[in-house]
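Take a look at the structure set out below.
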Amino acid sequence: MNEAPLEKELALTDKFTQKLHDLSYEATNQCVQCGYCLPACPTYESMGKESQSPRGRINLVKMAAEGKIDLQKDLAEPIDLCLGCRACEVACPVNVPYGQIYEAAKEVITENQKHEHHKKQNSKPKIQTKAVKFTLTNLFPHRKRLRTLGNLTWLYQKTNLNKVVQKNKND
């Protein structure tokens, strides 16, 4: 007796994979890989790559939802290159909800990118973060302060202090 694997048995690696699984996995299983969508897809027509076709993207979303491929490395670019025109839905004989799959993938990829960016920001040295914040809040919004800094930089370069500092740095 062959049963489909239960959701609990799937190797779901993290919350983003789980969310993608919850939002789109059932819909990806509707695709029968017939290829009727291929001539309707402008990105497939121009690029000729299976990963740039609706059925290729559906397969990639399915594999990402199963935790078999990386969201950013393997899925982000093909999804990003999709125009989102959904011409493939009209051509599909089994009415696969490509729009739902596409939107779910975009949402999860965006959330994952924000999470990665936040993680990267938190890994920066705190002094660097504070310096950037100070500069953005206390210097750039004030025209006179910015002009004064520009004049001081000009003076620093004109008096060749920059060369002296560079020479001392290299010694």
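All residue names refer to the structure tokens as shown: chains lettered A, B, ... in order, residues numbered from 1 in each chain, ligands numbered from 1 in order.
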Next on the checklist: Set the distance at 7 Å and use only C-alpha atoms: which residues neighbour range 94-111 of chain A once local chain neighbours fewer than 4 positions away are removed? I'd like the list as a PyMOL selection string.
Outcome noted: chain A and resi 16+20+23-24+27+30-31+61+71-72+76+79+86+89+115
Mind dumping the selected residues with N, CA and C atoms as an mmCIF file, in the first residue's frame?
```cif
data_model
loop_
_atom_site.group_PDB
_atom_site.id
_atom_site.type_symbol
_atom_site.label_atom_id
_atom_site.label_comp_id
_atom_site.auth_asym_id
_atom_site.auth_seq_id
_atom_site.Cartn_x
_atom_site.Cartn_y
_atom_site.Cartn_z
ATOM 1 N N PHE A 16 11.097 29.531 7.211
ATOM 2 C CA PHE A 16 10.771 30.036 5.878
ATOM 3 C C PHE A 16 10.365 28.884 4.956
ATOM 4 N N LEU A 20 6.692 28.436 3.265
ATOM 5 C CA LEU A 20 6.512 28.170 1.840
ATOM 6 C C LEU A 20 5.714 26.888 1.651
ATOM 7 N N LEU A 23 2.047 27.580 2.452
ATOM 8 C CA LEU A 23 1.366 28.466 1.500
ATOM 9 C C LEU A 23 1.169 27.859 0.109
ATOM 10 N N SER A 24 2.092 26.991 -0.305
ATOM 11 C CA SER A 24 2.032 26.621 -1.723
ATOM 12 C C SER A 24 2.241 25.149 -2.064
ATOM 13 N N ALA A 27 -0.607 23.351 -3.894
ATOM 14 C CA ALA A 27 -0.802 23.883 -5.245
ATOM 15 C C ALA A 27 0.272 23.365 -6.205
ATOM 16 N N GLN A 30 -0.424 20.079 -7.957
ATOM 17 C CA GLN A 30 -1.442 20.036 -9.011
ATOM 18 C C GLN A 30 -0.825 20.023 -10.406
ATOM 19 N N CYS A 31 0.417 20.511 -10.513
ATOM 20 C CA CYS A 31 1.066 20.591 -11.825
ATOM 21 C C CYS A 31 1.429 19.186 -12.314
ATOM 22 N N VAL A 61 9.844 25.618 -6.518
ATOM 23 C CA VAL A 61 9.106 25.976 -5.296
ATOM 24 C C VAL A 61 8.784 24.713 -4.505
ATOM 25 N N LEU A 71 16.467 28.506 -0.524
ATOM 26 C CA LEU A 71 15.559 29.558 -0.992
ATOM 27 C C LEU A 71 16.291 30.648 -1.757
ATOM 28 N N GLN A 72 17.366 31.163 -1.188
ATOM 29 C CA GLN A 72 18.067 32.293 -1.814
ATOM 30 C C GLN A 72 18.920 31.852 -2.992
ATOM 31 N N ALA A 76 15.464 32.173 -5.587
ATOM 32 C CA ALA A 76 15.236 33.621 -5.666
ATOM 33 C C ALA A 76 15.348 34.163 -7.091
ATOM 34 N N ILE A 79 12.421 33.089 -9.557
ATOM 35 C CA ILE A 79 11.174 33.758 -9.169
ATOM 36 C C ILE A 79 11.259 35.247 -9.498
ATOM 37 N N ARG A 86 1.122 35.784 -15.469
ATOM 38 C CA ARG A 86 0.214 34.666 -15.255
ATOM 39 C C ARG A 86 -0.456 34.177 -16.544
ATOM 40 N N GLU A 89 -1.329 30.477 -16.513
ATOM 41 C CA GLU A 89 -2.559 29.983 -15.890
ATOM 42 C C GLU A 89 -3.655 29.746 -16.924
ATOM 43 N N HIS A 115 15.363 38.900 6.852
ATOM 44 C CA HIS A 115 15.949 38.224 8.013
ATOM 45 C C HIS A 115 17.472 38.144 7.887
#
```
Checklist entry - In Å to one decimal, how far is CA of His117 in chain A from CA of Gln52 in chain A? => result 26.2 Å
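Among the candidates A:Ala131, A:Cys92, A:Leu149, A:Val164, the one nearest to Ala40 in chain A when counting only C-alpha atoms is A:Cys92.
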